[in-house]
>>> print(open('query14.pdb').read())   # PDB, C-alpha atoms
ATOM      1  CA  MET A   1       0.000   0.000   0.000  1.00  0.00           C
ATOM      2  CA  ASP A   2       1.533   3.353  -1.041  1.00  0.00           C
ATOM      3  CA  GLU A   3       1.476   6.412   1.216  1.00  0.00           C
ATOM      4  CA  LEU A   4      -1.469   8.084  -0.564  1.00  0.00           C
ATOM      5  CA  ALA A   5      -3.641   4.963  -0.321  1.00  0.00           C
ATOM      6  CA  TRP A   6      -2.700   4.545   3.363  1.00  0.00           C
ATOM      7  CA  LEU A   7      -3.639   8.168   4.062  1.00  0.00           C
ATOM      8  CA  LEU A   8      -7.029   7.798   2.344  1.00  0.00           C
ATOM      9  CA  GLU A   9      -7.875   4.495   4.031  1.00  0.00           C
ATOM     10  CA  ARG A  10      -6.383   4.889   7.507  1.00  0.00           C
ATOM     11  CA  GLU A  11      -5.308   8.386   8.498  1.00  0.00           C
ATOM     12  CA  TYR A  12      -8.406  10.065   7.017  1.00  0.00           C
ATOM     13  CA  ILE A  13     -10.805   7.969   9.099  1.00  0.00           C
ATOM     14  CA  ALA A  14      -8.634   8.312  12.207  1.00  0.00           C
ATOM     15  CA  THR A  15      -8.657  12.093  11.755  1.00  0.00           C
ATOM     16  CA  LEU A  16     -12.453  12.170  11.416  1.00  0.00           C
ATOM     17  CA  GLN A  17     -12.798  10.217  14.655  1.00  0.00           C
ATOM     18  CA  GLN A  18     -10.401  12.596  16.390  1.00  0.00           C
ATOM     19  CA  LEU A  19     -12.403  15.583  15.122  1.00  0.00           C
ATOM     20  CA  GLN A  20     -15.626  14.085  16.464  1.00  0.00           C
ATOM     21  CA  VAL A  21     -14.119  14.046  19.935  1.00  0.00           C
ATOM     22  CA  ILE A  22     -12.854  17.636  19.687  1.00  0.00           C
ATOM     23  CA  VAL A  23     -16.182  18.967  18.389  1.00  0.00           C
ATOM     24  CA  ASP A  24     -18.026  17.196  21.210  1.00  0.00           C
ATOM     25  CA  GLN A  25     -15.627  18.819  23.704  1.00  0.00           C
ATOM     26  CA  SER A  26     -16.270  22.214  22.107  1.00  0.00           C
ATOM     27  CA  GLU A  27     -20.034  21.822  22.358  1.00  0.00           C
ATOM     28  CA  LYS A  28     -19.717  20.938  26.031  1.00  0.00           C
ATOM     29  CA  LYS A  29     -17.828  24.177  26.611  1.00  0.00           C
ATOM     30  CA  LEU A  30     -20.731  26.133  25.108  1.00  0.00           C
ATOM     31  CA  ALA A  31     -23.105  24.404  27.530  1.00  0.00           C
ATOM     32  CA  GLN A  32     -21.339  25.587  30.685  1.00  0.00           C
ATOM     33  CA  PRO A  33     -23.483  26.116  33.796  1.00  0.00           C
ATOM     34  CA  ALA A  34     -24.269  29.623  35.009  1.00  0.00           C
ATOM     35  CA  SER A  35     -21.331  31.603  36.421  1.00  0.00           C
ATOM     36  CA  LYS A  36     -20.972  35.182  37.626  1.00  0.00           C
ATOM     37  CA  PHE A  37     -18.378  37.517  36.137  1.00  0.00           C
ATOM     38  CA  LEU A  38     -17.203  40.899  37.413  1.00  0.00           C
ATOM     39  CA  PHE A  39     -16.281  43.450  34.755  1.00  0.00           C
ATOM     40  CA  THR A  40     -13.077  45.452  35.023  1.00  0.00           C
ATOM     41  CA  PRO A  41     -13.292  48.879  33.317  1.00  0.00           C
ATOM     42  CA  ASN A  42     -10.677  49.547  30.643  1.00  0.00           C
ATOM     43  CA  GLU A  43     -10.317  53.133  31.728  1.00  0.00           C
ATOM     44  CA  GLN A  44     -10.947  55.362  34.706  1.00  0.00           C
ATOM     45  CA  CYS A  45     -14.724  55.521  34.697  1.00  0.00           C
ATOM     46  CA  SER A  46     -17.708  54.845  36.909  1.00  0.00           C
ATOM     47  CA  LEU A  47     -18.771  51.639  35.157  1.00  0.00           C
ATOM     48  CA  LYS A  48     -19.498  48.759  37.529  1.00  0.00           C
ATOM     49  CA  ALA A  49     -21.055  45.498  36.452  1.00  0.00           C
ATOM     50  CA  VAL A  50     -21.497  41.869  37.418  1.00  0.00           C
ATOM     51  CA  VAL A  51     -23.379  39.474  35.163  1.00  0.00           C
ATOM     52  CA  THR A  52     -24.398  35.838  35.125  1.00  0.00           C
ATOM     53  CA  LEU A  53     -23.364  34.029  31.965  1.00  0.00           C
ATOM     54  CA  ASN A  54     -25.394  30.883  31.350  1.00  0.00           C
ATOM     55  CA  GLY A  55     -24.184  29.168  28.176  1.00  0.00           C
ATOM     56  CA  ASP A  56     -24.862  31.582  25.314  1.00  0.00           C
ATOM     57  CA  GLU A  57     -26.925  34.152  27.217  1.00  0.00           C
ATOM     58  CA  ILE A  58     -26.753  36.645  30.069  1.00  0.00           C
ATOM     59  CA  THR A  59     -29.537  35.796  32.498  1.00  0.00           C
ATOM     60  CA  GLU A  60     -28.763  38.225  35.340  1.00  0.00           C
ATOM     61  CA  ALA A  61     -26.947  41.532  35.580  1.00  0.00           C
ATOM     62  CA  ASP A  62     -26.274  44.428  37.913  1.00  0.00           C
ATOM     63  CA  ILE A  63     -24.901  47.322  35.864  1.00  0.00           C
ATOM     64  CA  SER A  64     -24.336  50.846  37.122  1.00  0.00           C
ATOM     65  CA  VAL A  65     -22.725  53.754  35.334  1.00  0.00           C
ATOM     66  CA  GLU A  66     -22.462  57.519  35.610  1.00  0.00           C
ATOM     67  CA  SER A  67     -22.377  59.354  32.301  1.00  0.00           C
ATOM     68  CA  PRO A  68     -19.848  62.114  31.512  1.00  0.00           C
ATOM     69  CA  PHE A  69     -22.750  64.486  32.179  1.00  0.00           C
ATOM     70  CA  LYS A  70     -23.115  63.174  35.756  1.00  0.00           C
ATOM     71  CA  GLN A  71     -26.309  61.242  35.087  1.00  0.00           C
ATOM     72  CA  PHE A  72     -26.510  57.963  37.016  1.00  0.00           C
ATOM     73  CA  TYR A  73     -28.098  54.827  35.618  1.00  0.00           C
ATOM     74  CA  ARG A  74     -28.453  51.361  37.106  1.00  0.00           C
ATOM     75  CA  CYS A  75     -30.182  48.377  35.550  1.00  0.00           C
ATOM     76  CA  GLY A  76     -30.548  44.610  35.495  1.00  0.00           C
ATOM     77  CA  ILE A  77     -32.020  42.024  33.182  1.00  0.00           C
ATOM     78  CA  ALA A  78     -35.806  42.293  32.978  1.00  0.00           C
ATOM     79  CA  GLU A  79     -37.733  39.402  34.506  1.00  0.00           C
ATOM     80  CA  GLY A  80     -38.326  36.640  31.988  1.00  0.00           C
ATOM     81  CA  SER A  81     -35.731  38.072  29.590  1.00  0.00           C
ATOM     82  CA  SER A  82     -32.103  37.360  28.779  1.00  0.00           C
ATOM     83  CA  TYR A  83     -29.382  38.981  26.700  1.00  0.00           C
ATOM     84  CA  LYS A  84     -28.619  36.593  23.850  1.00  0.00           C
ATOM     85  CA  LEU A  85     -24.989  36.482  22.753  1.00  0.00           C
ATOM     86  CA  GLN A  86     -25.469  35.956  19.025  1.00  0.00           C
ATOM     87  CA  GLN A  87     -21.785  35.140  18.546  1.00  0.00           C
ATOM     88  CA  LEU A  88     -22.016  32.095  20.796  1.00  0.00           C
ATOM     89  CA  ILE A  89     -25.317  31.060  19.242  1.00  0.00           C
ATOM     90  CA  GLY A  90     -23.647  31.284  15.831  1.00  0.00           C
ATOM     91  CA  CYS A  91     -20.654  29.328  17.090  1.00  0.00           C
ATOM     92  CA  GLY A  92     -22.955  26.566  18.306  1.00  0.00           C
ATOM     93  CA  SER A  93     -24.797  26.443  14.971  1.00  0.00           C
ATOM     94  CA  THR A  94     -21.607  26.113  12.934  1.00  0.00           C
ATOM     95  CA  LEU A  95     -20.297  23.462  15.317  1.00  0.00           C
ATOM     96  CA  GLN A  96     -23.495  21.531  14.626  1.00  0.00           C
ATOM     97  CA  ALA A  97     -22.814  21.891  10.900  1.00  0.00           C
ATOM     98  CA  ALA A  98     -19.248  20.639  11.392  1.00  0.00           C
ATOM     99  CA  LYS A  99     -20.504  17.703  13.459  1.00  0.00           C
ATOM    100  CA  LEU A 100     -23.015  16.721  10.764  1.00  0.00           C
ATOM    101  CA  CYS A 101     -20.374  16.973   8.057  1.00  0.00           C
ATOM    102  CA  ILE A 102     -17.997  14.755  10.056  1.00  0.00           C
ATOM    103  CA  GLN A 103     -20.740  12.204  10.769  1.00  0.00           C
ATOM    104  CA  GLN A 104     -21.659  12.023   7.090  1.00  0.00           C
ATOM    105  CA  ALA A 105     -17.994  11.615   6.144  1.00  0.00           C
ATOM    106  CA  CYS A 106     -17.625   8.771   8.659  1.00  0.00           C
ATOM    107  CA  GLU A 107     -20.686   7.027   7.209  1.00  0.00           C
ATOM    108  CA  VAL A 108     -19.270   7.279   3.681  1.00  0.00           C
ATOM    109  CA  GLY A 109     -15.892   6.037   4.898  1.00  0.00           C
ATOM    110  CA  CYS A 110     -12.644   6.183   2.969  1.00  0.00           C
ATOM    111  CA  GLN A 111     -12.782   7.476  -0.570  1.00  0.00           C
ATOM    112  CA  SER A 112     -10.498   6.350  -3.354  1.00  0.00           C
ATOM    113  CA  GLU A 113     -10.476   9.756  -5.021  1.00  0.00           C
ATOM    114  CA  PRO A 114      -8.293  12.357  -3.237  1.00  0.00           C
ATOM    115  CA  ALA A 115     -10.333  15.218  -4.734  1.00  0.00           C
ATOM    116  CA  ARG A 116     -13.498  14.116  -2.924  1.00  0.00           C
ATOM    117  CA  THR A 117     -11.603  13.670   0.328  1.00  0.00           C
ATOM    118  CA  LEU A 118     -10.215  17.192  -0.029  1.00  0.00           C
ATOM    119  CA  GLU A 119     -13.691  18.589  -0.661  1.00  0.00           C
ATOM    120  CA  THR A 120     -14.940  16.976   2.543  1.00  0.00           C
ATOM    121  CA  LEU A 121     -11.998  18.240   4.574  1.00  0.00           C
ATOM    122  CA  ASP A 122     -12.374  21.747   3.141  1.00  0.00           C
ATOM    123  CA  ARG A 123     -16.047  21.821   4.207  1.00  0.00           C
ATOM    124  CA  ILE A 124     -15.168  20.669   7.723  1.00  0.00           C
ATOM    125  CA  PHE A 125     -12.375  23.240   7.978  1.00  0.00           C
ATOM    126  CA  ALA A 126     -14.719  26.028   6.803  1.00  0.00           C
ATOM    127  CA  CYS A 127     -17.254  25.114   9.525  1.00  0.00           C
ATOM    128  CA  LEU A 128     -14.577  25.054  12.230  1.00  0.00           C
ATOM    129  CA  LYS A 129     -13.124  28.372  11.087  1.00  0.00           C
ATOM    130  CA  SER A 130     -16.569  29.939  11.064  1.00  0.00           C
ATOM    131  CA  ALA A 131     -17.178  28.684  14.619  1.00  0.00           C
ATOM    132  CA  ARG A 132     -13.910  30.227  15.760  1.00  0.00           C
ATOM    133  CA  ASP A 133     -14.507  33.492  13.891  1.00  0.00           C
ATOM    134  CA  HIS A 134     -17.821  33.925  15.707  1.00  0.00           C
ATOM    135  CA  VAL A 135     -15.904  34.018  18.989  1.00  0.00           C
ATOM    136  CA  VAL A 136     -12.861  36.095  18.006  1.00  0.00           C
ATOM    137  CA  LEU A 137     -14.416  38.569  15.548  1.00  0.00           C
ATOM    138  CA  PRO A 138     -17.293  40.541  17.105  1.00  0.00           C
ATOM    139  CA  GLN A 139     -19.549  42.186  14.547  1.00  0.00           C
ATOM    140  CA  LYS A 140     -19.264  45.970  14.466  1.00  0.00           C
ATOM    141  CA  LYS A 141     -22.495  47.918  14.927  1.00  0.00           C
ATOM    142  CA  SER A 142     -23.364  51.258  13.408  1.00  0.00           C
ATOM    143  CA  VAL A 143     -24.431  54.163  15.618  1.00  0.00           C
ATOM    144  CA  GLU A 144     -27.997  53.776  14.354  1.00  0.00           C
ATOM    145  CA  GLU A 145     -27.983  50.086  15.263  1.00  0.00           C
ATOM    146  CA  LEU A 146     -26.805  50.972  18.759  1.00  0.00           C
ATOM    147  CA  ALA A 147     -29.459  53.658  19.127  1.00  0.00           C
ATOM    148  CA  HIS A 148     -32.280  51.333  18.067  1.00  0.00           C
ATOM    149  CA  SER A 149     -30.937  48.073  19.460  1.00  0.00           C
ATOM    150  CA  ARG A 150     -33.617  45.541  20.334  1.00  0.00           C
ATOM    151  CA  HIS A 151     -31.444  44.615  23.317  1.00  0.00           C
ATOM    152  CA  LYS A 152     -32.661  47.780  25.040  1.00  0.00           C
ATOM    153  CA  GLU A 153     -35.873  45.919  25.834  1.00  0.00           C
ATOM    154  CA  VAL A 154     -33.902  43.310  27.784  1.00  0.00           C
ATOM    155  CA  PHE A 155     -32.879  45.734  30.541  1.00  0.00           C
ATOM    156  CA  HIS A 156     -34.933  47.034  33.460  1.00  0.00           C
ATOM    157  CA  PRO A 157     -35.448  49.843  34.030  1.00  0.00           C
ATOM    158  CA  PRO A 158     -35.401  50.677  30.302  1.00  0.00           C
ATOM    159  CA  VAL A 159     -32.204  52.092  28.852  1.00  0.00           C
ATOM    160  CA  PRO A 160     -32.546  55.850  28.205  1.00  0.00           C
ATOM    161  CA  ASN A 161     -32.708  57.007  24.588  1.00  0.00           C
ATOM    162  CA  ASP A 162     -29.340  58.727  24.909  1.00  0.00           C
ATOM    163  CA  MET A 163     -27.572  55.525  26.000  1.00  0.00           C
ATOM    164  CA  SER A 164     -26.910  52.060  24.605  1.00  0.00           C
ATOM    165  CA  LEU A 165     -25.545  48.943  26.291  1.00  0.00           C
ATOM    166  CA  SER A 166     -23.859  46.222  24.261  1.00  0.00           C
ATOM    167  CA  MET A 167     -22.380  42.930  25.434  1.00  0.00           C
ATOM    168  CA  TYR A 168     -20.294  40.747  23.181  1.00  0.00           C
ATOM    169  CA  VAL A 169     -17.492  38.200  23.100  1.00  0.00           C
ATOM    170  CA  SER A 170     -13.976  39.036  21.959  1.00  0.00           C
ATOM    171  CA  GLY A 171     -11.781  35.954  22.188  1.00  0.00           C
ATOM    172  CA  ARG A 172     -11.659  34.805  25.796  1.00  0.00           C
ATOM    173  CA  ARG A 173     -13.202  38.016  27.062  1.00  0.00           C
ATOM    174  CA  LEU A 174     -16.794  39.031  27.666  1.00  0.00           C
ATOM    175  CA  VAL A 175     -17.070  42.752  26.951  1.00  0.00           C
ATOM    176  CA  LEU A 176     -19.606  45.319  28.141  1.00  0.00           C
ATOM    177  CA  ALA A 177     -19.699  48.554  26.154  1.00  0.00           C
ATOM    178  CA  VAL A 178     -21.707  51.587  27.248  1.00  0.00           C
ATOM    179  CA  TYR A 179     -22.320  54.250  24.593  1.00  0.00           C
ATOM    180  CA  PHE A 180     -23.610  57.744  25.292  1.00  0.00           C
ATOM    181  CA  LEU A 181     -25.556  59.065  22.329  1.00  0.00           C
ATOM    182  CA  HIS A 182     -26.457  62.517  21.068  1.00  0.00           C
ATOM    183  CA  TYR A 183     -29.143  63.123  18.475  1.00  0.00           C
ATOM    184  CA  ASN A 184     -27.953  65.576  15.850  1.00  0.00           C
ATOM    185  CA  THR A 185     -30.998  67.540  14.685  1.00  0.00           C
ATOM    186  CA  ARG A 186     -29.103  68.906  11.689  1.00  0.00           C
ATOM    187  CA  THR A 187     -28.149  65.500  10.249  1.00  0.00           C
ATOM    188  CA  LYS A 188     -31.131  63.719  11.875  1.00  0.00           C
ATOM    189  CA  SER A 189     -28.845  60.983  13.108  1.00  0.00           C
ATOM    190  CA  TYR A 190     -27.112  59.891  16.291  1.00  0.00           C
ATOM    191  CA  ASP A 191     -23.514  60.621  17.278  1.00  0.00           C
ATOM    192  CA  ILE A 192     -21.481  58.936  20.004  1.00  0.00           C
ATOM    193  CA  SER A 193     -20.576  61.533  22.623  1.00  0.00           C
ATOM    194  CA  GLY A 194     -18.772  59.099  24.933  1.00  0.00           C
ATOM    195  CA  ARG A 195     -18.173  55.422  25.638  1.00  0.00           C
ATOM    196  CA  TYR A 196     -17.039  53.174  28.465  1.00  0.00           C
ATOM    197  CA  HIS A 197     -15.809  49.590  28.221  1.00  0.00           C
ATOM    198  CA  GLY A 198     -15.431  46.837  30.770  1.00  0.00           C
ATOM    199  CA  GLN A 199     -14.325  43.245  30.323  1.00  0.00           C
ATOM    200  CA  ALA A 200     -14.235  39.922  32.136  1.00  0.00           C
ATOM    201  CA  VAL A 201     -12.093  36.909  31.280  1.00  0.00           C
ATOM    202  CA  VAL A 202     -14.183  33.763  30.769  1.00  0.00           C
ATOM    203  CA  PRO A 203     -11.927  30.701  31.242  1.00  0.00           C
ATOM    204  CA  TRP A 204     -14.126  28.303  29.283  1.00  0.00           C
ATOM    205  CA  LEU A 205     -14.048  30.604  26.256  1.00  0.00           C
ATOM    206  CA  ASN A 206     -10.281  30.184  26.236  1.00  0.00           C
ATOM    207  CA  ASP A 207     -10.737  26.395  26.404  1.00  0.00           C
ATOM    208  CA  LEU A 208     -13.248  26.563  23.541  1.00  0.00           C
ATOM    209  CA  LEU A 209     -10.797  28.480  21.357  1.00  0.00           C
ATOM    210  CA  LEU A 210      -8.045  25.983  22.117  1.00  0.00           C
ATOM    211  CA  HIS A 211     -10.301  23.099  21.041  1.00  0.00           C
ATOM    212  CA  LEU A 212     -11.287  24.874  17.826  1.00  0.00           C
ATOM    213  CA  SER A 213      -7.706  25.803  17.000  1.00  0.00           C
ATOM    214  CA  ARG A 214      -6.582  22.205  17.572  1.00  0.00           C
ATOM    215  CA  ALA A 215      -9.360  20.909  15.322  1.00  0.00           C
ATOM    216  CA  MET A 216      -8.485  23.389  12.561  1.00  0.00           C
ATOM    217  CA  LEU A 217      -4.800  22.485  12.771  1.00  0.00           C
ATOM    218  CA  THR A 218      -5.616  18.771  12.583  1.00  0.00           C
ATOM    219  CA  VAL A 219      -7.664  19.255   9.409  1.00  0.00           C
ATOM    220  CA  ALA A 220      -5.169  21.685   7.851  1.00  0.00           C
ATOM    221  CA  GLN A 221      -2.267  19.268   8.375  1.00  0.00           C
ATOM    222  CA  LEU A 222      -4.132  16.422   6.678  1.00  0.00           C
ATOM    223  CA  ILE A 223      -5.174  18.680   3.780  1.00  0.00           C
ATOM    224  CA  GLU A 224      -1.584  19.812   3.269  1.00  0.00           C
ATOM    225  CA  LYS A 225      -0.258  16.269   3.423  1.00  0.00           C
ATOM    226  CA  LEU A 226      -2.862  15.056   0.935  1.00  0.00           C
ATOM    227  CA  ARG A 227      -2.129  17.867  -1.510  1.00  0.00           C
ATOM    228  CA  GLN A 228       1.603  17.251  -1.334  1.00  0.00           C
ATOM    229  CA  LEU A 229       1.098  13.560  -2.088  1.00  0.00           C
ATOM    230  CA  GLN A 230      -1.152  14.487  -5.013  1.00  0.00           C
ATOM    231  CA  LEU A 231       1.526  16.756  -6.425  1.00  0.00           C
ATOM    232  CA  SER A 232       4.293  14.209  -5.978  1.00  0.00           C
ATOM    233  CA  GLY A 233       2.127  11.549  -7.639  1.00  0.00           C
ATOM    234  CA  ALA A 234       1.388  13.822 -10.598  1.00  0.00           C
ATOM    235  CA  ALA A 235       5.054  14.787 -11.042  1.00  0.00           C
TER     236      ALA A 235
END
>>> encode(input="query14.pdb", output="C-alpha cells")
Amino acid sequence: MDELAWLLEREYIATLQQLQVIVDQSEKKLAQPASKFLFTPNEQCSLKAVVTLNGDEITEADISVESPFKQFYRCGIAEGSSYKLQQLIGCGSTLQAAKLCIQQACEVGCQSEPARTLETLDRIFACLKSARDHVVLPQKKSVEELAHSRHKEVFHPPVPNDMSLSMYVSGRRLVLAVYFLHYNTRTKSYDISGRYHGQAVVPWLNDLLLHLSRAMLTVAQLIEKLRQLQLSGAA
C-alpha cells in the first residue's frame, strides 16, 4: 500500500474520529453552567457590572454607570428576559454543521479519489473556522444600530434614549460597552458623545478556542499532506 492509499484508508478515518471528539468537547464548553463575572473597566470611569453568563446568554446583571454628564443609571435584566450572545449562538450552529459533516464523512468512509476527500476536509475546515470566527471577531455595529438596538428591551429599568448597552465576546473576554448618544438635529442621526468599556475573562471561552484551533490544525495538516502527495504523484 503506497502512502497516498494509506492516508485515504487509515489516516483520514482516524482524523475524522479525532475531530468528532474535539467537536463534542467544544459543544460541552458552550453548555457551561451559570457563572458570575465581574467586569473590570478599561479606563478610569464609573462603570461597575457583574453578570451571570449561562451558556450563550446573560440571564442576570447588575450594571451601574455615571455618564460624563453626571447622570446615574443602574439596571438589570428584565424578569423573563435574557441577553442573547449571538456570537455564541452562531458558534454553536456552525459546530453543529461541522458535526453533521464529520458524521456524514464517517458514514461514507474512505474514498479512493483524493479530490473528494479534499472537498470533505475543506467543508469541515470552513465550519470550524466559522465557529472560531464567531468568537474572536465581534460584529461591528453602526451608531444607528446601537441607538435602536432591540437589546434595550432586555434591561430594566429601560435604557434611556441617549444611552446604549452592548455585550459581546472578543476571544476569551466578555465585553460590556456603554455608549452615550447625542441626536444631531441637523443631520437627523445619532452621534457617540462618549463610551465606556469593561471586560471579564471567561476561562471556558479560552478552552473553547483551544479546542477549535486544535481541530483546525488537525484538518489543515491532513489537507496539506494530501495535496503534497497528489503533487508528488502527478510529477
>>> residues_around(input="query14.pdb", residues="A:Ala31", least_positions_apart="5", cutoff="12 Å", atoms="all atoms listed in the file", output="ChimeraX atom specification")
/A:24-26,53-57,88-89,91-92,204-205,208
>>> closest_residue(input="query14.pdb", among="A:Ala115, A:Val143, A:Leu30, A:Ala215", to="A:Gln230", atoms="all atoms listed in the file")
A:Ala115
>>> resolve_selection(input="query14.pdb", expression="the PyMOL selection byres ((chain A and resi 63) around 9)", output="PyMOL selection string")
chain A and resi 47-51+61-62+64-65+73-76
>>> closest_residue(input="query14.pdb", among="A:Leu174, A:Cys110, A:Leu210, A:Ala131", to="A:Leu95", atoms="all atoms listed in the file")
A:Ala131
>>> resolve_selection(input="query14.pdb", expression="the PyMOL selection byres ((chain A and resi 101) around 12)", output="ChimeraX atom specification")
/A:16,19-20,23,94-100,102-108,119-128
>>> write_last_selection(input="query14.pdb", atoms="C-alpha atoms", output="compact mmCIF listing (two decimals), keeping the file's coordinate frame")
# COMPACT_ATOMS: atom_id res chain seq x y z
CA LEU A 16 -12.45 12.17 11.42
CA LEU A 19 -12.40 15.58 15.12
CA GLN A 20 -15.63 14.08 16.46
CA VAL A 23 -16.18 18.97 18.39
CA THR A 94 -21.61 26.11 12.93
CA LEU A 95 -20.30 23.46 15.32
CA GLN A 96 -23.50 21.53 14.63
CA ALA A 97 -22.81 21.89 10.90
CA ALA A 98 -19.25 20.64 11.39
CA LYS A 99 -20.50 17.70 13.46
CA LEU A 100 -23.02 16.72 10.76
CA ILE A 102 -18.00 14.76 10.06
CA GLN A 103 -20.74 12.20 10.77
CA GLN A 104 -21.66 12.02 7.09
CA ALA A 105 -17.99 11.62 6.14
CA CYS A 106 -17.62 8.77 8.66
CA GLU A 107 -20.69 7.03 7.21
CA VAL A 108 -19.27 7.28 3.68
CA GLU A 119 -13.69 18.59 -0.66
CA THR A 120 -14.94 16.98 2.54
CA LEU A 121 -12.00 18.24 4.57
CA ASP A 122 -12.37 21.75 3.14
CA ARG A 123 -16.05 21.82 4.21
CA ILE A 124 -15.17 20.67 7.72
CA PHE A 125 -12.38 23.24 7.98
CA ALA A 126 -14.72 26.03 6.80
CA CYS A 127 -17.25 25.11 9.52
CA LEU A 128 -14.58 25.05 12.23
>>> residues_around(input="query14.pdb", residues="A:Thr40", least_positions_apart="3", cutoff="7 Å", atoms="only C-alpha atoms", output="compact mmCIF listing (two decimals) with C-alpha atoms, in the coordinates of the input")
# COMPACT_ATOMS: atom_id res chain seq x y z
CA GLY A 198 -15.43 46.84 30.77
CA GLN A 199 -14.32 43.24 30.32
CA ALA A 200 -14.24 39.92 32.14
>>> closest_residue(input="query14.pdb", among="A:Ser35, A:Ile22, A:Ser81, A:Thr218", to="A:Pro203", atoms="all atoms listed in the file")
A:Ser35
>>> closest_residue(input="query14.pdb", among="A:Leu7, A:Val201, A:Glu60, A:Tyr179", to="A:Glu224", atoms="all atoms listed in the file")
A:Leu7
>>> atom_distance(input="query14.pdb", atom1="atom CA of A:Leu181", atom2="atom CA of A:His197")
14.8 Å
>>> atom_distance(input="query14.pdb", atom1="atom CA of A:Arg173", atom2="atom CA of A:Pro33")
17.1 Å
>>> residues_around(input="query14.pdb", residues="A:Leu165", least_positions_apart="3", cutoff="9 Å", atoms="only C-alpha atoms", output="list of chain:residue names")
A:Leu146, A:Ser149, A:His151, A:Lys152, A:Val159, A:Leu176, A:Ala177, A:Val178, A:Tyr179
>>> closest_residue(input="query14.pdb", among="A:Lys225, A:Lys140, A:Arg186, A:Arg195", to="A:Glu43", atoms="all atoms listed in the file")
A:Arg195
>>> closest_residue(input="query14.pdb", among="A:Gly109, A:Gly80, A:Pro160, A:Pro41", to="A:Thr15", atoms="all atoms listed in the file")
A:Gly109
>>> residues_around(input="query14.pdb", residues="A:Ser112", least_positions_apart="2", cutoff="10 Å", atoms="only C-alpha atoms", output="number ranges by chain")
A: 4-5, 8-9, 109-110, 114-117
>>> atom_distance(input="query14.pdb", atom1="atom CA of A:Ser213", atom2="atom CA of A:Met167")
24.1 Å
>>> resolve_selection(input="query14.pdb", expression="the PyMOL selection byres ((chain A and resi 162) around 8)", output="list in words")
Ala147, Pro160, Asn161, Met163, Ser164, Phe180, Leu181, His182 and Tyr183 of chain A
>>> axis_aligned_box(input="query14.pdb", around="stretch 204-211 of chain A", padding_each_side="8 Å", output="AutoDock Vina command-line options")
--center_x -11.1 --center_y 26.9 --center_z 25.2 --size_x 22.1 --size_y 23.5 --size_z 24.2
>>> build_atoms(input="query14.pdb", residues="stretch 11-22 of chain A", atoms="N, CA, C and O atoms", output="PDB file, in the frame of the given file")
ATOM      1  N   GLU A  11      -5.482   7.119   7.775  1.00  0.00           N
ATOM      2  CA  GLU A  11      -5.308   8.386   8.498  1.00  0.00           C
ATOM      3  C   GLU A  11      -6.544   9.280   8.378  1.00  0.00           C
ATOM      4  O   GLU A  11      -6.902   9.987   9.316  1.00  0.00           O
ATOM      5  N   TYR A  12      -7.202   9.251   7.229  1.00  0.00           N
ATOM      6  CA  TYR A  12      -8.406  10.065   7.017  1.00  0.00           C
ATOM      7  C   TYR A  12      -9.497   9.688   8.020  1.00  0.00           C
ATOM      8  O   TYR A  12     -10.066  10.562   8.694  1.00  0.00           O
ATOM      9  N   ILE A  13      -9.774   8.418   8.159  1.00  0.00           N
ATOM     10  CA  ILE A  13     -10.805   7.969   9.099  1.00  0.00           C
ATOM     11  C   ILE A  13     -10.397   8.257  10.541  1.00  0.00           C
ATOM     12  O   ILE A  13     -11.211   8.699  11.363  1.00  0.00           O
ATOM     13  N   ALA A  14      -9.121   8.034  10.851  1.00  0.00           N
ATOM     14  CA  ALA A  14      -8.634   8.312  12.207  1.00  0.00           C
ATOM     15  C   ALA A  14      -8.778   9.794  12.536  1.00  0.00           C
ATOM     16  O   ALA A  14      -9.127  10.166  13.666  1.00  0.00           O
ATOM     17  N   THR A  15      -8.531  10.648  11.550  1.00  0.00           N
ATOM     18  CA  THR A  15      -8.657  12.093  11.755  1.00  0.00           C
ATOM     19  C   THR A  15     -10.118  12.471  11.987  1.00  0.00           C
ATOM     20  O   THR A  15     -10.426  13.295  12.858  1.00  0.00           O
ATOM     21  N   LEU A  16     -11.028  11.890  11.224  1.00  0.00           N
ATOM     22  CA  LEU A  16     -12.453  12.170  11.416  1.00  0.00           C
ATOM     23  C   LEU A  16     -12.905  11.786  12.825  1.00  0.00           C
ATOM     24  O   LEU A  16     -13.654  12.529  13.472  1.00  0.00           O
ATOM     25  N   GLN A  17     -12.439  10.656  13.306  1.00  0.00           N
ATOM     26  CA  GLN A  17     -12.798  10.217  14.655  1.00  0.00           C
ATOM     27  C   GLN A  17     -12.234  11.161  15.709  1.00  0.00           C
ATOM     28  O   GLN A  17     -12.884  11.465  16.712  1.00  0.00           O
ATOM     29  N   GLN A  18     -11.013  11.637  15.479  1.00  0.00           N
ATOM     30  CA  GLN A  18     -10.401  12.596  16.390  1.00  0.00           C
ATOM     31  C   GLN A  18     -11.189  13.910  16.399  1.00  0.00           C
ATOM     32  O   GLN A  18     -11.415  14.512  17.465  1.00  0.00           O
ATOM     33  N   LEU A  19     -11.637  14.347  15.224  1.00  0.00           N
ATOM     34  CA  LEU A  19     -12.403  15.583  15.122  1.00  0.00           C
ATOM     35  C   LEU A  19     -13.750  15.467  15.825  1.00  0.00           C
ATOM     36  O   LEU A  19     -14.229  16.437  16.430  1.00  0.00           O
ATOM     37  N   GLN A  20     -14.365  14.288  15.769  1.00  0.00           N
ATOM     38  CA  GLN A  20     -15.626  14.085  16.464  1.00  0.00           C
ATOM     39  C   GLN A  20     -15.472  14.351  17.956  1.00  0.00           C
ATOM     40  O   GLN A  20     -16.318  14.989  18.585  1.00  0.00           O
ATOM     41  N   VAL A  21     -14.378  13.859  18.507  1.00  0.00           N
ATOM     42  CA  VAL A  21     -14.119  14.046  19.935  1.00  0.00           C
ATOM     43  C   VAL A  21     -13.923  15.529  20.258  1.00  0.00           C
ATOM     44  O   VAL A  21     -14.486  16.061  21.225  1.00  0.00           O
ATOM     45  N   ILE A  22     -13.146  16.227  19.430  1.00  0.00           N
ATOM     46  CA  ILE A  22     -12.854  17.636  19.687  1.00  0.00           C
ATOM     47  C   ILE A  22     -14.119  18.489  19.566  1.00  0.00           C
ATOM     48  O   ILE A  22     -14.355  19.399  20.375  1.00  0.00           O
TER      49      ILE A  22
END
